[in-house]
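One structure is given below, encoded as structure tokens.
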Amino acid sequence: MANYLIVSHGEYAKATKASVEMIAGELKNVKAIAFKQTMNQDDLLEEITKTASEFDKAPTIIVDIAGGTPANTAQRYQQTHPNVAVYSGLSMPLLLAVVMGTPMDEAIKQAADNMAPVGLTKQKETKQEKPKTAKAEKSDKNVTLKPHTMQNVRIDERLIHGQVATMWTNALKLNRIMVVGDDIVKNDVLKTGLKTACPHGVHLSILTAHGAARRINSGKYVGQTV
């Protein structure tokens with residue numbers, strides 16, 4: 001397991017670690033350092049040296065911004081520890097990706113892709129299932145699912161949340177998220193929230209249970225990762 005030492009101006013690194021732990025659990029392979037106003041670069045170098053020595057093997061250092069004191073000090077440390085890699089751009093998506101085992105190059109790309117317009121700024125069309133007639137509802141009750149391209153099925157009242165949007169979507173390389181619930185289809189407020197939470201570049205379908213079964217059976221999502 002790779003080790004990570006994250007360093008930032010103020011408490012940002014510690015807060016980022018704490019936030020990621022809410023999703024991924026305790027991160028024993030990650031340590032965070034806060035560069036405070038009362039510290040100078042030598043103080044920070046001493047703290048980096050001390051903290052890095054606590055790992056069983058050399059950590060990868062991730063700092064907040066290039067050119068800042070944490071970055072410059074990390075590079076000073078790197079001069080005497082050439083086996084240590086240093087990256088800038090610390091963020092929650094980046095840290096979450098690497099602790100889940102994503103290679104750094106891919107994690108950086110995923111973190112960049114995570115920056116996208118959301119809410120009212122986000123223009124995403126979601127096809128809605130038309131209301132079902134009583135006759136159609138009855139005819140769908142015995143639907144049997146045929147083979148499909150689904151990568152993962154979750155029963156979770158949180159619907160699209162941090163683990164789904166950031167971890168599972170990237171890990172499974174999904175290009176469509178299907179949210180299934182008869183009540184959800186009728187709730188405009190909830191649908192707006194789901195559109196906002198859906199990752200950039202991923203299609204979203206909000207369907208009734210019978211509508212989802214019918215679309216899967218029809219082969220509508222063949223060739224997609226759902």
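Residue numbers start at 1 in each chain; chains themselves are named A, B, ... in the order of the structure tokens; ligands are numbered from 1 in the order shown.
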
I'd like the neighbourhood of region 105-113 of chain A as a PDB file with C-alpha atoms, in the first residue's frame, where a residue qualifies if any of its atoms comes within 12 Å (using only C-alpha atoms), though same-chain residues fewer than 3 positions away should be ignored.
```
ATOM      1  CA  ILE A  62       0.888  15.983  -2.294  1.00  0.00           C
ATOM      2  CA  TYR A  87       2.679  16.554  -6.691  1.00  0.00           C
ATOM      3  CA  SER A  88       0.597  19.709  -6.336  1.00  0.00           C
ATOM      4  CA  GLY A  89      -3.174  20.126  -6.590  1.00  0.00           C
ATOM      5  CA  LEU A  90      -4.362  18.464  -3.389  1.00  0.00           C
ATOM      6  CA  SER A  91      -8.112  17.936  -3.479  1.00  0.00           C
ATOM      7  CA  MET A  92     -10.678  15.564  -2.071  1.00  0.00           C
ATOM      8  CA  PRO A  93     -11.281  13.794  -5.426  1.00  0.00           C
ATOM      9  CA  LEU A  94      -7.531  13.354  -5.955  1.00  0.00           C
ATOM     10  CA  LEU A  95      -6.869  11.955  -2.489  1.00  0.00           C
ATOM     11  CA  LEU A  96      -9.907   9.683  -2.643  1.00  0.00           C
ATOM     12  CA  ALA A  97      -8.787   8.276  -5.978  1.00  0.00           C
ATOM     13  CA  VAL A  98      -5.223   7.467  -4.933  1.00  0.00           C
ATOM     14  CA  VAL A  99      -6.165   5.881  -1.610  1.00  0.00           C
ATOM     15  CA  MET A 100      -8.579   3.644  -3.530  1.00  0.00           C
ATOM     16  CA  GLY A 101      -5.638   2.427  -5.607  1.00  0.00           C
ATOM     17  CA  THR A 102      -5.944   4.578  -8.722  1.00  0.00           C
ATOM     18  CA  ALA A 116     -17.517  20.822 -13.949  1.00  0.00           C
ATOM     19  CA  PRO A 117     -20.565  23.099 -13.849  1.00  0.00           C
ATOM     20  CA  ALA A 165     -20.204   9.826  -7.883  1.00  0.00           C
ATOM     21  CA  THR A 166     -16.501   9.783  -7.091  1.00  0.00           C
ATOM     22  CA  MET A 167     -15.390   6.240  -6.327  1.00  0.00           C
ATOM     23  CA  THR A 169     -18.231   5.733 -11.210  1.00  0.00           C
ATOM     24  CA  ASN A 170     -14.490   6.044 -11.808  1.00  0.00           C
ATOM     25  CA  ALA A 171     -13.517   2.573 -10.594  1.00  0.00           C
ATOM     26  CA  LYS A 173     -15.663   3.375 -15.686  1.00  0.00           C
ATOM     27  CA  PRO A 199     -20.730  13.276 -12.441  1.00  0.00           C
ATOM     28  CA  HIS A 200     -19.806  15.325 -15.492  1.00  0.00           C
ATOM     29  CA  GLY A 201     -19.821  13.254 -18.678  1.00  0.00           C
ATOM     30  CA  VAL A 202     -22.023  10.498 -17.236  1.00  0.00           C
TER      31      VAL A 202
END
```

Going by DSSP on the backbone, which bits of region 9-226 of chain A are helix (DSSP H, G or I)? Write them as a ChimeraX atom specification, please.
/A:12-24,41-52,69-80,92-99,104-113,119-121,134-139,162-171,182-185,188-197,209-217

Write the residues of the selection above to a file with C-alpha atoms, as a JSON list (two decimals), in the first residue's frame.
```
[["chain", "number", "residue", "atom", "x", "y", "z"],
["A", 12, "TYR", "CA", -6.77, 22.31, 4.43],
["A", 13, "ALA", "CA", -4.76, 19.07, 4.26],
["A", 14, "LYS", "CA", -6.11, 17.82, 7.57],
["A", 15, "ALA", "CA", -9.66, 18.71, 6.58],
["A", 16, "THR", "CA", -9.25, 16.96, 3.22],
["A", 17, "LYS", "CA", -8.07, 13.80, 4.93],
["A", 18, "ALA", "CA", -10.97, 13.91, 7.40],
["A", 19, "SER", "CA", -13.47, 14.40, 4.58],
["A", 20, "VAL", "CA", -12.11, 11.48, 2.55],
["A", 21, "GLU", "CA", -12.23, 9.28, 5.65],
["A", 22, "MET", "CA", -15.99, 9.88, 5.77],
["A", 23, "ILE", "CA", -16.17, 7.95, 2.50],
["A", 24, "ALA", "CA", -13.21, 5.56, 2.54],
["A", 41, "GLN", "CA", 10.14, 27.10, 5.73],
["A", 42, "ASP", "CA", 12.74, 25.51, 8.00],
["A", 43, "ASP", "CA", 10.04, 24.70, 10.54],
["A", 44, "LEU", "CA", 7.95, 23.08, 7.84],
["A", 45, "LEU", "CA", 10.91, 21.12, 6.49],
["A", 46, "GLU", "CA", 11.55, 19.77, 9.96],
["A", 47, "GLU", "CA", 7.90, 18.74, 10.26],
["A", 48, "ILE", "CA", 7.92, 17.05, 6.84],
["A", 49, "THR", "CA", 11.13, 15.18, 7.68],
["A", 50, "LYS", "CA", 9.77, 14.01, 11.02],
["A", 51, "THR", "CA", 6.38, 12.94, 9.68],
["A", 52, "ALA", "CA", 7.79, 11.20, 6.60],
["A", 69, "THR", "CA", 5.76, 27.31, 0.67],
["A", 70, "PRO", "CA", 4.51, 23.72, 1.15],
["A", 71, "ALA", "CA", 5.48, 22.89, -2.45],
["A", 72, "ASN", "CA", 8.86, 24.60, -2.24],
["A", 73, "THR", "CA", 9.63, 22.94, 1.08],
["A", 74, "ALA", "CA", 8.59, 19.53, -0.22],
["A", 75, "GLN", "CA", 11.02, 20.02, -3.10],
["A", 76, "ARG", "CA", 13.77, 20.84, -0.60],
["A", 77, "TYR", "CA", 13.00, 17.57, 1.16],
["A", 78, "GLN", "CA", 13.01, 15.78, -2.20],
["A", 79, "GLN", "CA", 16.58, 16.95, -2.88],
["A", 80, "THR", "CA", 17.83, 14.73, -0.07],
["A", 92, "MET", "CA", -10.68, 15.56, -2.07],
["A", 93, "PRO", "CA", -11.28, 13.79, -5.43],
["A", 94, "LEU", "CA", -7.53, 13.35, -5.96],
["A", 95, "LEU", "CA", -6.87, 11.96, -2.49],
["A", 96, "LEU", "CA", -9.91, 9.68, -2.64],
["A", 97, "ALA", "CA", -8.79, 8.28, -5.98],
["A", 98, "VAL", "CA", -5.22, 7.47, -4.93],
["A", 99, "VAL", "CA", -6.16, 5.88, -1.61],
["A", 104, "MET", "CA", -1.51, 8.95, -9.76],
["A", 105, "ASP", "CA", -1.60, 9.92, -13.45],
["A", 106, "GLU", "CA", -5.15, 8.61, -13.78],
["A", 107, "ALA", "CA", -6.17, 10.13, -10.43],
["A", 108, "ILE", "CA", -5.01, 13.56, -11.61],
["A", 109, "LYS", "CA", -7.13, 13.19, -14.75],
["A", 110, "GLN", "CA", -10.15, 12.10, -12.71],
["A", 111, "ALA", "CA", -9.73, 15.04, -10.33],
["A", 112, "ALA", "CA", -9.59, 17.44, -13.27],
["A", 113, "ASP", "CA", -12.67, 15.85, -14.84],
["A", 119, "GLY", "CA", -26.83, 22.87, -10.51],
["A", 120, "LEU", "CA", -28.55, 25.41, -12.73],
["A", 121, "THR", "CA", -25.28, 25.96, -14.59],
["A", 134, "ALA", "CA", -53.07, 0.83, -15.27],
["A", 135, "LYS", "CA", -53.10, -1.72, -18.09],
["A", 136, "ALA", "CA", -49.39, -1.33, -18.80],
["A", 137, "GLU", "CA", -48.59, -1.55, -15.08],
["A", 138, "LYS", "CA", -50.32, -4.89, -14.89],
["A", 139, "SER", "CA", -48.60, -6.29, -17.96],
["A", 162, "GLY", "CA", -20.00, 10.66, -2.69],
["A", 163, "GLN", "CA", -19.07, 6.99, -3.04],
["A", 164, "VAL", "CA", -21.15, 6.56, -6.18],
["A", 165, "ALA", "CA", -20.20, 9.83, -7.88],
["A", 166, "THR", "CA", -16.50, 9.78, -7.09],
["A", 167, "MET", "CA", -15.39, 6.24, -6.33],
["A", 168, "TRP", "CA", -17.65, 3.71, -8.05],
["A", 169, "THR", "CA", -18.23, 5.73, -11.21],
["A", 170, "ASN", "CA", -14.49, 6.04, -11.81],
["A", 171, "ALA", "CA", -13.52, 2.57, -10.59],
["A", 182, "ASP", "CA", -41.44, 5.04, -8.65],
["A", 183, "ASP", "CA", -41.63, 7.92, -6.17],
["A", 184, "ILE", "CA", -38.44, 9.55, -7.44],
["A", 185, "VAL", "CA", -39.85, 9.97, -10.94],
["A", 188, "ASP", "CA", -39.08, 17.27, -9.31],
["A", 189, "VAL", "CA", -36.95, 18.59, -6.43],
["A", 190, "LEU", "CA", -35.22, 15.25, -5.94],
["A", 191, "LYS", "CA", -34.68, 14.85, -9.68],
["A", 192, "THR", "CA", -32.98, 18.25, -9.82],
["A", 193, "GLY", "CA", -30.68, 17.18, -6.99],
["A", 194, "LEU", "CA", -29.81, 13.95, -8.79],
["A", 195, "LYS", "CA", -28.94, 15.83, -11.97],
["A", 196, "THR", "CA", -26.63, 18.05, -9.95],
["A", 197, "ALA", "CA", -24.95, 15.10, -8.22],
["A", 209, "ALA", "CA", -38.97, 0.01, -11.60],
["A", 210, "HIS", "CA", -41.02, -1.37, -14.47],
["A", 211, "GLY", "CA", -39.69, 1.22, -16.89],
["A", 212, "ALA", "CA", -36.11, 0.29, -16.00],
["A", 213, "ALA", "CA", -36.82, -3.42, -16.47],
["A", 214, "ARG", "CA", -38.43, -2.79, -19.86],
["A", 215, "ARG", "CA", -35.52, -0.67, -21.09],
["A", 216, "ILE", "CA", -32.95, -3.22, -19.96],
["A", 217, "ASN", "CA", -34.88, -6.02, -21.67]]
```

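Take the candidates A:His203, A:Asn187, A:Thr38, A:Glu157 and check each one against Asn175 (chain A) using only C-alpha atoms; the shortest distance goes to A:His203.
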
Output as a count of residues only all residues of chain A that backbone DSSP marks as strand (DSSP E or B).
30

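Between CA of Ile177 (chain A) and CA of Ile206 (chain A) the separation is 8.6 Å.
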
List as a ChimeraX atom specification the protein and nucleic acid residues near Val179 (chain A), meaning an atom at most 8 Å away when only C-alpha atoms are counted, but skip any in the same chain fewer than 6 places from it.
/A:159,204-207
